[in-house]
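Chemist: Dumping the structure here so I can ask a few things about it.
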Amino acid sequence: MIKIEHLQKQFDGCTVLRDVNAEIHKGDVVSLIGPSGTGKSTLLRCINMIDGPTGGKIYLDGEEITAEAYPMEEVHRKVCMVFQSFNLFEHLSVIENVMLPQVSVLKKDRQSAYDEGMKLLSSVGMAQKSSAYPASLSGGQKQRVAIARTLAMNPKIILFDEPTSALDPSCVDEVKTVIRNVAKSGVTCLIVTHDMDFSREISNRVFYMDQGEIYEEGTPDEIFEHPERERTQSFVRKEKSLEETITGRDFDYPGFMSKIFEYGFKSNASSALIRQTQLASEELICSLLFSRLRDPFTIHVFYEYDSGKQQMKITAEYDGDKVNILDPEASGADPEDALSRQQTKLSLRLLFSMLEEFGYSYREEKRCPNTIRLSLKKLS
Amino acid sequence: MNKKNPKNRKTWLILLLIAAGLAVAGISASQQGEAEKSSSLADVIREPVGVMIGSTYVQIARDNGYITEETEIETFNSEVDAVQALRDRKIGSYINCDIYSQPFIDEFEELMVFPQPVGLMEYAFGFQEGSPLRDAFNAAMKTMKEDGSEQALYDKWLSGNAGEQRCIPQDWAGENGTLNYWLNVGTPPMAFLSEGGNFEGLSIDYVLTACRIMGYNVEIKECSFSGLIPALQSQKADIAGRSIAITEERDKSIDFSEPFVTANIVLLVRKDTVSDAILSQAESGSTAQKGFVESIAESFRSTFLEEGRWEVFLQGIGVTLLITVLSAILGTLFGLFWYLLSAQNIRWVSMLIRAFNRWLSGIPAVVVLMIMYYLIFTGSAMNATVVAVISFTILFGIGVFGLLETGVEAVGKGQVESAIDLGFTQNQIFLEILLPQTVLYIMPLYRAKIVEHLKATAIVGYIAIMDLTKVCDLIRSRTFEAFFPLIITAILYYSLGRLLNFLLTTLESRLRPGNTRSRLLRGVNVHD
């Protein structure tokens, strides 16, 4: 249905898409994943010709839409986009938003536009809010209306440009439900997303984009479980884990706790386990490491959630002298300071109560030679 | 104790302001200190000399050796302003011809005419260069001298109660057509504002009498002194001036009639700056026709009630509102059209439009107006009000263009992109999506612009339109009231501005979406 040949997109001397080639069949649900800035959104915008390519060709149903003479109306009729920032018409109510394109572009009469609009709003769960204005809606509600508006145009292909990225985590689910239904209905979909689980769930193909091209493609299973190429592998791994570097006592503690939460939430860990992870991290880093290490120091922390075993693994690497901070008698603690010794004991006790396994190792050749490995208890 | 705490700083600031105020008051007071009493013309002229803009009296005084390079000269746009400056001690004397000085010494007891004149001057009417009307007029003048009608006019107007006289009515049919007579209007006796907004005076009566002999009717138009020669040169006026001093330089651009009045050029001074010897030589002014009582009631009466002057104010308000509202409506439409045209994606059109906007915004409105009237719409065919409306339509429209740009920016690219994606055409995007939202964003700015626009029309007096500001000027000249008409005019402009603002605010609240909770959808059957 869509054939992309040697697509190229340049902005002021900066080449975002170098050489993109792909073939998308009717009914495909394709996920576009990859690091930020690799041109995923740019590719979508080329396909619906909002920002046409600077080189290469795109074929839609056998016709070259990148040709000079090709009428834009045809492209817009067949391809529609759902934007990250919703882009609803602020001066119109919800139902008017869905009606206006039908009336102005499809030249339908207002009554049938209204009927179709209400039907679609029902299907996305927004029928009761048909006379509300976008300003009074939440992000998730706005996006659902935007999707209804797009569906009203009956496109053959729907492009989703990071549909949930701008949403509060509490709103993401409602939108995912709607997109799920759209994908199931047989419409060809291209979705740019950072949500790996979601993409695994609804797509039949995954494009990993990197270095200005489709670096690797395959089924969700192939890409997420057995990526073949190096960059794909490191990306998938990174997406599966959380990594953070701490270089000072004044680091962004609330931000860090928030990242742990998001990672756990994204990985579908239970909220109790997420809380435990946060507590463990606080004890490990703030109580134990900060009190023992001398400035300047570097700590690398890694988090990996095993969804099969429902277990959270924390790895902490730090530089400085060889010292196992899990050992209460380890050097570094001031023997004279009874209070800090007491605090250290307390922290350790708290930490150990959450752990299933733990370990320490020292490898001199590494930059951060000390390594602590923790496994947080699986909670029943 | 925190020396930098705000309360300390505020106190210092207040003390500083008081000190500055005292200093200014002190300096100005000292300047008004005992001026040396003058005993000769040379003495009087030592202080700043006031003169009307465009007049030749300074040249005469210079030729006769009274004014040197060091003499400070101040120019004024109206006689009333000059005389007020004299009374306020901003100038030491005011050079004028004695015919025009007489009303002022009648009105203000503290002023007098310095007995020694500066020179002598002949005055005439102006004609277009090479116009055959000049000779015809001179022939008529000769007739008037011979049959005594000229002397009758002098007796009628120069005997001391010119304010009550009226010109001859135009009850003849000018078989040769109608002439356009433009003149500057000020105080009696030559040309002044009278009942019902009519103009009377010796100059007008003289021209009417001569034109009756020549077989023409006369269409009278008021303009400023500096507008007389351009009016002749651009062929808008056939005859010009209430009394133009004949000079060689002016003769190069216009043709003068024979002189119809000769007068002394004199200095108007304050009595308290001249020595007793000079004082005794002074002509005593004739008993003041109305004493200048410094009370608001008297000012009110003379500004509004006498001779039905309030009607003239109404006329002025009418003209101002007409020009403002008409050019605002047309200007808004023009601005919309102009913006749509530039948004059509045709590059050279867009560039031209923007260049045009830049040029016009870079020239003062008053200059644009005069270029339109004297250069572009030259000749007497085009009504001045029409030219004013056209000029202000374009100027206002360019302002609206800018507002639209701002408003569209405020709506943001996102909605435009999704509209393109859905398949809307450019025009549909502008009219159905951008414009409704833009209007709401720019409404406060638009309202402010309308009020600004109202005030901007105050310059139409330059092209001889009698708007509110011009009425104010005329009444000031007529009544010798320097301040009261100004205050009234300010209040009137302000009130008109508030009125326009109020009307627009009402309109705006109707346009805002979501104001009606359950807005019924047009043309749709909403089944529950």
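Each chain in the structure tokens gets a letter, A, B, ..., in the order shown, and its residues are numbered from 1; ligands are numbered from 1 in order too.
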Pick out the residues sitting within 9 Å of Leu360 (chain B), and hand them over as a VMD selection string; count only C-alpha atoms, and ignore anything fewer than 6 positions along from it in its own chain.
Modeler: chain B and resid 368 394 to 395 398
Chemist: Apply DSSP to the backbone of this structure and, from region 49-224 of chain A, keep only the residues in strand (DSSP E); write these as number ranges by chain.
Modeler: A: 55-60, 63-64, 79-82, 157-161, 188-192, 205-210, 213-218
Chemist: Contacts of region 80-85 of chain A at 7 Å or less, counting only C-alpha atoms, minus same-chain residues fewer than 2 places along, as a tab-separated table (two decimals) with N, CA, C and O atoms, in the first residue's frame?
Modeler:
```tsv
chain	number	residue	atom	x	y	z
A	76	HIS	N	-4.25	13.97	1.41
A	76	HIS	CA	-4.92	14.29	2.67
A	76	HIS	C	-6.18	13.47	2.86
A	76	HIS	O	-6.60	13.20	3.97
A	78	LYS	N	-6.50	10.33	1.93
A	78	LYS	CA	-6.19	8.95	2.27
A	78	LYS	C	-5.39	8.81	3.57
A	78	LYS	O	-5.46	7.78	4.24
A	87	ASN	N	-3.86	19.25	18.89
A	87	ASN	CA	-4.25	20.20	17.84
A	87	ASN	C	-5.73	20.26	17.56
A	87	ASN	O	-6.17	20.31	16.41
A	146	ALA	N	-9.45	13.94	19.24
A	146	ALA	CA	-8.64	14.09	18.03
A	146	ALA	C	-8.70	12.84	17.19
A	146	ALA	O	-8.79	12.89	15.95
A	147	ILE	N	-8.66	11.68	17.87
A	147	ILE	CA	-8.73	10.42	17.13
A	147	ILE	C	-10.10	10.27	16.48
A	147	ILE	O	-10.21	9.85	15.32
A	150	THR	N	-10.20	12.31	13.41
A	150	THR	CA	-9.46	11.68	12.32
A	150	THR	C	-10.28	10.54	11.71
A	150	THR	O	-10.35	10.39	10.49
A	155	PRO	N	-9.97	7.74	6.74
A	155	PRO	CA	-8.72	7.61	5.98
A	155	PRO	C	-8.33	6.15	5.80
A	155	PRO	O	-8.76	5.28	6.56
A	157	ILE	N	-5.11	5.33	5.87
A	157	ILE	CA	-3.93	5.17	6.72
A	157	ILE	C	-3.99	6.21	7.83
A	157	ILE	O	-4.25	7.38	7.56
A	158	ILE	N	-3.72	5.78	9.05
A	158	ILE	CA	-3.64	6.75	10.15
A	158	ILE	C	-2.22	6.74	10.71
A	158	ILE	O	-1.67	5.68	11.01
A	159	LEU	N	-1.66	7.94	10.81
A	159	LEU	CA	-0.32	8.08	11.38
A	159	LEU	C	-0.46	8.61	12.80
A	159	LEU	O	-1.15	9.60	13.01
A	160	PHE	N	0.17	7.95	13.77
A	160	PHE	CA	0.13	8.42	15.16
A	160	PHE	C	1.52	8.93	15.54
A	160	PHE	O	2.46	8.13	15.60
A	161	ASP	N	1.64	10.23	15.76
A	161	ASP	CA	2.93	10.81	16.11
A	161	ASP	C	3.04	10.95	17.62
A	161	ASP	O	2.62	11.95	18.19
A	162	GLU	N	3.63	9.95	18.26
A	162	GLU	CA	3.78	9.93	19.73
A	162	GLU	C	2.48	10.32	20.43
A	162	GLU	O	2.44	11.30	21.16
A	163	PRO	N	1.43	9.56	20.21
A	163	PRO	CA	0.11	9.99	20.70
A	163	PRO	C	0.01	10.11	22.22
A	163	PRO	O	-0.85	10.83	22.70
A	164	THR	N	0.85	9.38	22.96
A	164	THR	CA	0.69	9.44	24.40
A	164	THR	C	1.83	10.16	25.10
A	164	THR	O	1.86	10.26	26.32
A	165	SER	N	2.79	10.68	24.34
A	165	SER	CA	3.97	11.27	24.99
A	165	SER	C	3.65	12.50	25.81
A	165	SER	O	4.30	12.79	26.79
A	166	ALA	N	2.62	13.27	25.38
A	166	ALA	CA	2.33	14.51	26.11
A	166	ALA	C	1.32	14.30	27.22
A	166	ALA	O	0.82	15.25	27.80
B	421	ASP	N	-3.51	18.72	7.31
B	421	ASP	CA	-3.53	17.27	7.26
B	421	ASP	C	-4.93	16.75	6.98
B	421	ASP	O	-5.13	15.77	6.27
B	422	LEU	N	-5.93	17.41	7.55
B	422	LEU	CA	-7.30	16.95	7.35
B	422	LEU	C	-7.80	17.30	5.96
B	422	LEU	O	-8.80	16.75	5.52
```
Chemist: Distance CA of Val49 (chain B)-CA of Phe114 (chain B), one decimal place?
Modeler: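 Separation of CA of Val49 (chain B) and CA of Phe114 (chain B): 13.2 Å.
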Chemist: Considering only C-alpha atoms, give me a table of residues in chain A that are at most 9 Å from chain B, with the closest atom pair and distance in Å for each, as JSON lines.
Modeler:
```
{"residue": "A:Asn48", "atom": "CA", "partner": "B:Asp421", "partner_atom": "CA", "distance": 7.1}
{"residue": "A:Met49", "atom": "CA", "partner": "B:Asp421", "partner_atom": "CA", "distance": 8.2}
{"residue": "A:Ile50", "atom": "CA", "partner": "B:Asp421", "partner_atom": "CA", "distance": 6.8}
{"residue": "A:Met72", "atom": "CA", "partner": "B:Gly423", "partner_atom": "CA", "distance": 8.1}
{"residue": "A:Glu73", "atom": "CA", "partner": "B:Gly423", "partner_atom": "CA", "distance": 6.1}
{"residue": "A:Glu74", "atom": "CA", "partner": "B:Gly423", "partner_atom": "CA", "distance": 8.7}
{"residue": "A:Val75", "atom": "CA", "partner": "B:Gly423", "partner_atom": "CA", "distance": 8.5}
{"residue": "A:His76", "atom": "CA", "partner": "B:Gly423", "partner_atom": "CA", "distance": 5.1}
{"residue": "A:Arg77", "atom": "CA", "partner": "B:Gly423", "partner_atom": "CA", "distance": 6.6}
{"residue": "A:Val79", "atom": "CA", "partner": "B:Asp421", "partner_atom": "CA", "distance": 7.8}
{"residue": "A:Cys80", "atom": "CA", "partner": "B:Asp421", "partner_atom": "CA", "distance": 6.1}
{"residue": "A:Met81", "atom": "CA", "partner": "B:Asp421", "partner_atom": "CA", "distance": 6.7}
{"residue": "A:Val82", "atom": "CA", "partner": "B:Ser418", "partner_atom": "CA", "distance": 8.2}
{"residue": "A:Phe83", "atom": "CA", "partner": "B:Ser418", "partner_atom": "CA", "distance": 7.7}
{"residue": "A:Ser85", "atom": "CA", "partner": "B:Gly414", "partner_atom": "CA", "distance": 7.5}
{"residue": "A:Phe86", "atom": "CA", "partner": "B:Gly414", "partner_atom": "CA", "distance": 8.3}
{"residue": "A:Asn87", "atom": "CA", "partner": "B:Gln415", "partner_atom": "CA", "distance": 4.8}
{"residue": "A:Leu88", "atom": "CA", "partner": "B:Gln415", "partner_atom": "CA", "distance": 6.5}
{"residue": "A:Phe89", "atom": "CA", "partner": "B:Gln415", "partner_atom": "CA", "distance": 6.4}
{"residue": "A:Glu90", "atom": "CA", "partner": "B:Gln437", "partner_atom": "CA", "distance": 7.7}
{"residue": "A:His91", "atom": "CA", "partner": "B:Gln437", "partner_atom": "CA", "distance": 6.2}
{"residue": "A:Leu92", "atom": "CA", "partner": "B:Pro513", "partner_atom": "CA", "distance": 7.4}
{"residue": "A:Ser93", "atom": "CA", "partner": "B:Gly514", "partner_atom": "CA", "distance": 8.1}
{"residue": "A:Glu96", "atom": "CA", "partner": "B:Leu521", "partner_atom": "CA", "distance": 8.5}
{"residue": "A:Leu100", "atom": "CA", "partner": "B:Glu432", "partner_atom": "CA", "distance": 8.9}
{"residue": "A:Pro101", "atom": "CA", "partner": "B:Leu422", "partner_atom": "CA", "distance": 6.8}
{"residue": "A:Ser104", "atom": "CA", "partner": "B:Phe424", "partner_atom": "CA", "distance": 7.2}
{"residue": "A:Val105", "atom": "CA", "partner": "B:Phe424", "partner_atom": "CA", "distance": 6.0}
{"residue": "A:Leu106", "atom": "CA", "partner": "B:Gly423", "partner_atom": "CA", "distance": 8.8}
{"residue": "A:Arg110", "atom": "CA", "partner": "B:Val524", "partner_atom": "CA", "distance": 6.3}
{"residue": "A:Gln111", "atom": "CA", "partner": "B:Val524", "partner_atom": "CA", "distance": 5.2}
{"residue": "A:Ser112", "atom": "CA", "partner": "B:Val524", "partner_atom": "CA", "distance": 8.9}
{"residue": "A:Tyr114", "atom": "CA", "partner": "B:Val524", "partner_atom": "CA", "distance": 7.2}
{"residue": "A:Asp115", "atom": "CA", "partner": "B:Val526", "partner_atom": "CA", "distance": 8.8}
{"residue": "A:Ser131", "atom": "CA", "partner": "B:Ser518", "partner_atom": "CA", "distance": 7.1}
{"residue": "A:Ala132", "atom": "CA", "partner": "B:Gly514", "partner_atom": "CA", "distance": 8.2}
{"residue": "A:Tyr133", "atom": "CA", "partner": "B:Gly514", "partner_atom": "CA", "distance": 7.1}
{"residue": "A:Thr150", "atom": "CA", "partner": "B:Leu422", "partner_atom": "CA", "distance": 7.6}
{"residue": "A:Met153", "atom": "CA", "partner": "B:Leu422", "partner_atom": "CA", "distance": 7.6}
```
Chemist: With C-alpha atoms kept, could you save the residues just selected as a short mmCIF file (atom, residue, chain, number, x, y, z; two decimals), in the first residue's frame?
Modeler:
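Contents of out-v3.cif, freshly written:
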```
data_model
loop_
_atom_site.label_atom_id
_atom_site.label_comp_id
_atom_site.auth_asym_id
_atom_site.auth_seq_id
_atom_site.Cartn_x
_atom_site.Cartn_y
_atom_site.Cartn_z
CA ASN A 48 1.34 12.79 4.77
CA MET A 49 3.28 15.52 2.95
CA ILE A 50 3.04 18.17 5.63
CA MET A 72 -2.43 17.18 -2.35
CA GLU A 73 -6.13 16.64 -1.70
CA GLU A 74 -5.71 12.98 -2.60
CA VAL A 75 -2.95 12.55 -0.05
CA HIS A 76 -4.92 14.29 2.67
CA ARG A 77 -7.98 12.26 1.87
CA VAL A 79 -3.72 9.77 5.05
CA CYS A 80 -4.53 11.38 8.37
CA MET A 81 -2.46 12.14 11.41
CA VAL A 82 -2.96 12.13 15.17
CA PHE A 83 -0.57 14.64 16.73
CA SER A 85 -0.14 17.95 20.93
CA PHE A 86 -3.70 17.01 19.91
CA ASN A 87 -4.25 20.20 17.84
CA LEU A 88 -7.98 20.46 18.39
CA PHE A 89 -9.72 23.64 17.19
CA GLU A 90 -9.97 25.63 20.39
CA HIS A 91 -12.85 27.85 19.33
CA LEU A 92 -15.21 24.95 18.58
CA SER A 93 -16.90 22.46 20.85
CA GLU A 96 -18.09 20.80 16.17
CA LEU A 100 -16.15 20.77 10.74
CA PRO A 101 -13.71 18.69 8.64
CA SER A 104 -15.74 21.66 4.92
CA VAL A 105 -13.55 19.01 3.35
CA LEU A 106 -15.79 16.03 2.69
CA ARG A 110 -24.39 19.00 8.69
CA GLN A 111 -26.92 16.42 9.83
CA SER A 112 -24.97 13.41 8.63
CA TYR A 114 -23.40 15.35 13.27
CA ASP A 115 -24.69 11.79 13.31
CA SER A 131 -20.70 20.30 23.80
CA ALA A 132 -17.61 20.91 25.91
CA TYR A 133 -14.73 23.04 24.66
CA THR A 150 -9.46 11.68 12.32
CA MET A 153 -12.50 11.46 7.69
#
```
Chemist: Please determine, counting only C-alpha atoms, which residue among A:Leu151, A:Arg229, A:Ser41, A:Glu357 has the shortest atom-to-atom distance to Glu216 (chain A).
Modeler: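 Of all the options, A:Arg229 lies closest to Glu216 (chain A).
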Chemist: So, with only C-alpha atoms as the atoms that count, which of B:Lys470, B:Gly399, B:Gln235, B:Met372 lies closest to Asn357 (chain B)?
Modeler: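 Counting only C-alpha atoms, the residue closest to Asn357 (chain B) is B:Gly399.
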Chemist: Between B:Ala162, B:Ala384, B:Cys211, B:Leu511, which residue has the minimum interatomic distance to Leu133 (chain B), considering only C-alpha atoms?
Modeler: B:Cys211
Chemist: Could you pull out the alpha helix (DSSP H) residues of region 20-142 of chain B, going by DSSP on the backbone, and write them as number ranges by chain?
Modeler: B: 20-31, 41-44, 57-63, 79-87, 98-107, 132-142
Chemist: Please produce an output containing N, CA and C atoms for each residue in the selection, written as a short mmCIF file (atom, residue, chain, number, x, y, z; two decimals), in the first residue's frame.
Modeler:
```cif
data_model
loop_
_atom_site.label_atom_id
_atom_site.label_comp_id
_atom_site.auth_asym_id
_atom_site.auth_seq_id
_atom_site.Cartn_x
_atom_site.Cartn_y
_atom_site.Cartn_z
N ALA B 20 13.69 68.69 43.15
CA ALA B 20 13.68 69.01 41.72
C ALA B 20 12.57 69.99 41.40
N GLY B 21 11.40 69.72 41.98
CA GLY B 21 10.27 70.60 41.74
C GLY B 21 10.55 72.02 42.19
N LEU B 22 11.13 72.14 43.38
CA LEU B 22 11.45 73.47 43.89
C LEU B 22 12.45 74.17 42.98
N ALA B 23 13.42 73.38 42.50
CA ALA B 23 14.45 73.97 41.63
C ALA B 23 13.81 74.54 40.37
N VAL B 24 12.96 73.73 39.76
CA VAL B 24 12.30 74.18 38.52
C VAL B 24 11.47 75.43 38.79
N ALA B 25 10.69 75.38 39.87
CA ALA B 25 9.85 76.54 40.20
C ALA B 25 10.71 77.77 40.43
N GLY B 26 11.83 77.55 41.13
CA GLY B 26 12.73 78.66 41.42
C GLY B 26 13.29 79.29 40.15
N ILE B 27 13.73 78.42 39.27
CA ILE B 27 14.34 78.91 38.03
C ILE B 27 13.32 79.70 37.22
N SER B 28 12.14 79.12 37.07
CA SER B 28 11.16 79.83 36.25
C SER B 28 10.72 81.11 36.92
N ALA B 29 10.65 81.10 38.25
CA ALA B 29 10.27 82.32 38.95
C ALA B 29 11.31 83.40 38.73
N SER B 30 12.58 82.99 38.78
CA SER B 30 13.62 84.00 38.61
C SER B 30 13.61 84.57 37.22
N GLN B 31 13.19 83.73 36.29
CA GLN B 31 13.14 84.25 34.92
C GLN B 31 12.05 85.29 34.77
N LEU B 41 12.25 100.66 21.04
CA LEU B 41 11.96 99.44 20.29
C LEU B 41 13.11 98.45 20.45
N ALA B 42 14.31 98.99 20.39
CA ALA B 42 15.48 98.10 20.49
C ALA B 42 15.48 97.36 21.82
N ASP B 43 15.05 98.04 22.87
CA ASP B 43 14.99 97.39 24.19
C ASP B 43 13.99 96.24 24.18
N VAL B 44 12.79 96.57 23.67
CA VAL B 44 11.71 95.57 23.72
C VAL B 44 12.12 94.30 22.98
N TYR B 57 6.97 89.14 8.80
CA TYR B 57 7.24 90.33 9.62
C TYR B 57 8.67 90.35 10.15
N VAL B 58 9.18 89.17 10.42
CA VAL B 58 10.56 89.10 10.92
C VAL B 58 11.51 89.69 9.88
N GLN B 59 11.23 89.35 8.62
CA GLN B 59 12.10 89.85 7.55
C GLN B 59 12.07 91.37 7.51
N ILE B 60 10.87 91.95 7.64
CA ILE B 60 10.72 93.42 7.62
C ILE B 60 11.51 94.03 8.78
N ALA B 61 11.32 93.44 9.96
CA ALA B 61 12.01 93.98 11.13
C ALA B 61 13.51 93.89 10.94
N ARG B 62 13.94 92.81 10.31
CA ARG B 62 15.37 92.64 10.06
C ARG B 62 15.86 93.69 9.07
N ASP B 63 15.08 93.85 7.99
CA ASP B 63 15.46 94.84 6.98
C ASP B 63 15.58 96.22 7.60
N GLU B 79 -2.84 82.86 16.45
CA GLU B 79 -2.67 84.15 17.15
C GLU B 79 -2.95 84.01 18.62
N VAL B 80 -3.96 83.24 18.94
CA VAL B 80 -4.36 83.10 20.34
C VAL B 80 -3.19 82.52 21.15
N ASP B 81 -2.51 81.55 20.56
CA ASP B 81 -1.36 80.97 21.25
C ASP B 81 -0.27 82.00 21.47
N ALA B 82 -0.02 82.81 20.42
CA ALA B 82 1.04 83.81 20.54
C ALA B 82 0.71 84.82 21.63
N VAL B 83 -0.53 85.28 21.63
CA VAL B 83 -0.91 86.29 22.62
C VAL B 83 -0.87 85.69 24.02
N GLN B 84 -1.28 84.44 24.13
CA GLN B 84 -1.23 83.78 25.44
C GLN B 84 0.20 83.69 25.93
N ALA B 85 1.10 83.38 24.99
CA ALA B 85 2.51 83.31 25.37
C ALA B 85 3.02 84.66 25.85
N LEU B 86 2.53 85.72 25.19
CA LEU B 86 2.92 87.07 25.61
C LEU B 86 2.43 87.34 27.02
N ARG B 87 1.17 86.99 27.28
CA ARG B 87 0.61 87.23 28.61
C ARG B 87 1.31 86.37 29.66
N ASP B 98 -1.32 95.93 12.74
CA ASP B 98 -2.11 96.58 13.79
C ASP B 98 -3.60 96.26 13.68
N ILE B 99 -4.06 95.92 12.48
CA ILE B 99 -5.47 95.55 12.35
C ILE B 99 -5.76 94.32 13.21
N TYR B 100 -4.83 93.39 13.20
CA TYR B 100 -5.04 92.16 13.95
C TYR B 100 -4.71 92.31 15.42
N SER B 101 -3.99 93.36 15.75
CA SER B 101 -3.62 93.55 17.15
C SER B 101 -4.74 94.21 17.92
N GLN B 102 -5.53 95.02 17.22
CA GLN B 102 -6.57 95.78 17.90
C GLN B 102 -7.51 94.92 18.75
N PRO B 103 -8.01 93.80 18.21
CA PRO B 103 -8.94 93.00 19.03
C PRO B 103 -8.31 92.55 20.34
N PHE B 104 -7.00 92.30 20.28
CA PHE B 104 -6.36 91.77 21.48
C PHE B 104 -6.21 92.85 22.55
N ILE B 105 -5.89 94.08 22.13
CA ILE B 105 -5.76 95.09 23.18
C ILE B 105 -7.15 95.50 23.68
N ASP B 106 -8.17 95.29 22.83
CA ASP B 106 -9.52 95.51 23.34
C ASP B 106 -9.86 94.48 24.40
N GLU B 107 -9.42 93.28 24.19
CA GLU B 107 -9.79 92.17 25.06
C GLU B 107 -8.98 92.14 26.34
N PRO B 132 -6.23 84.17 -15.15
CA PRO B 132 -6.89 85.38 -15.67
C PRO B 132 -7.80 86.03 -14.63
N LEU B 133 -8.12 85.28 -13.57
CA LEU B 133 -8.99 85.83 -12.54
C LEU B 133 -8.35 87.03 -11.85
N ARG B 134 -7.04 87.05 -11.80
CA ARG B 134 -6.35 88.12 -11.08
C ARG B 134 -6.68 89.46 -11.69
N ASP B 135 -6.53 89.52 -13.01
CA ASP B 135 -6.81 90.82 -13.66
C ASP B 135 -8.28 91.17 -13.54
N ALA B 136 -9.15 90.16 -13.67
CA ALA B 136 -10.58 90.43 -13.53
C ALA B 136 -10.87 90.99 -12.15
N PHE B 137 -10.19 90.40 -11.13
CA PHE B 137 -10.39 90.86 -9.76
C PHE B 137 -9.92 92.29 -9.59
N ASN B 138 -8.75 92.57 -10.13
CA ASN B 138 -8.23 93.95 -10.02
C ASN B 138 -9.18 94.95 -10.66
N ALA B 139 -9.76 94.55 -11.78
CA ALA B 139 -10.74 95.44 -12.43
C ALA B 139 -11.92 95.68 -11.51
N ALA B 140 -12.38 94.59 -10.85
CA ALA B 140 -13.49 94.74 -9.92
C ALA B 140 -13.12 95.67 -8.77
N MET B 141 -11.87 95.51 -8.27
CA MET B 141 -11.41 96.37 -7.17
C MET B 141 -11.47 97.84 -7.58
N LYS B 142 -11.03 98.10 -8.83
CA LYS B 142 -11.03 99.49 -9.31
C LYS B 142 -12.45 100.04 -9.26
#
```
Chemist: Taking a cut-off of 7 Å and counting only C-alpha atoms, can you build a table that, for each residue of region 384-501 of chain B near region 165-188 of chain B, reports the nearest atom pair and how far apart they are in Å (one decimal), sorted by chain then residue number, as a tab-separated table?
Modeler:
```
residue	atom	partner	partner_atom	distance
B:Leu474	CA	B:Gly186	CA	6.5
B:Ser477	CA	B:Gly186	CA	5.0
B:Arg478	CA	B:Thr187	CA	5.1
```
Chemist: Would you output that residue set with all heavy atoms, as a compact mmCIF listing (two decimals), in the first residue's frame?
Modeler:
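Final file, out.txt:
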```txt
# COMPACT_ATOMS: atom_id res chain seq x y z
N LEU B 474 -10.77 77.22 15.93
CA LEU B 474 -11.53 78.39 15.48
C LEU B 474 -12.15 79.12 16.66
O LEU B 474 -12.12 80.36 16.74
CB LEU B 474 -12.64 77.96 14.51
CG LEU B 474 -12.16 77.47 13.15
CD1 LEU B 474 -13.34 76.92 12.36
CD2 LEU B 474 -11.52 78.61 12.38
N SER B 477 -9.63 81.10 18.59
CA SER B 477 -9.30 82.37 17.95
C SER B 477 -10.41 83.39 18.14
O SER B 477 -10.17 84.57 18.37
CB SER B 477 -9.08 82.18 16.45
OG SER B 477 -8.09 81.24 16.22
N ARG B 478 -11.61 82.92 18.06
CA ARG B 478 -12.75 83.84 18.09
C ARG B 478 -12.97 84.40 19.48
O ARG B 478 -13.33 85.55 19.66
CB ARG B 478 -13.98 83.07 17.62
CG ARG B 478 -15.23 83.90 17.59
CD ARG B 478 -15.13 84.97 16.52
NE ARG B 478 -16.31 85.81 16.55
CZ ARG B 478 -16.44 86.91 17.30
NH1 ARG B 478 -15.44 87.29 18.08
NH2 ARG B 478 -17.55 87.60 17.28
```
Chemist: Expressed in Å to a single decimal, how great is the separation between CA of Gln102 (chain A) and CA of Leu121 (chain A)?
Modeler: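 These atoms are spaced 14.0 Å apart.
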Chemist: Compile the contact shell of Met312 (chain A) as a list in words: residues with an atom at most 9 Å away, counting only C-alpha atoms, same-chain residues fewer than 3 positions apart removed.
Modeler: Gly264, Ala269, Leu273, Ile274, Thr277, Tyr303, Glu304, Tyr305, Asp306, Ser307, Lys309, Leu374, Ser375, Leu376, Lys377 and Lys378 of chain A
Chemist: What's around Tyr362 (chain A) at 10 Å? Count only C-alpha atoms, leave out sequence neighbours fewer than 6 positions away in its own chain, and write the answer as an MDAnalysis selection string.
Modeler: chainID A and resid 317:318 322:324 368:372
Chemist: Only C-alpha atoms, please: the residues just picked out, written as an mmCIF file, in the first residue's frame.
Modeler:
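The new file part_34.cif reads:
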```
data_model
loop_
_atom_site.group_PDB
_atom_site.id
_atom_site.type_symbol
_atom_site.label_atom_id
_atom_site.label_comp_id
_atom_site.auth_asym_id
_atom_site.auth_seq_id
_atom_site.Cartn_x
_atom_site.Cartn_y
_atom_site.Cartn_z
ATOM 1 C CA GLU A 317 29.060 0.983 40.736
ATOM 2 C CA TYR A 318 31.183 3.552 42.540
ATOM 3 C CA LYS A 322 37.938 -0.415 47.916
ATOM 4 C CA VAL A 323 35.082 -0.417 50.367
ATOM 5 C CA ASN A 324 32.015 -2.628 50.622
ATOM 6 C CA CYS A 368 34.277 2.495 39.117
ATOM 7 C CA PRO A 369 35.766 -0.606 40.592
ATOM 8 C CA ASN A 370 33.288 -1.176 43.442
ATOM 9 C CA THR A 371 30.085 -2.975 42.466
ATOM 10 C CA ILE A 372 27.067 -3.676 44.637
#
```
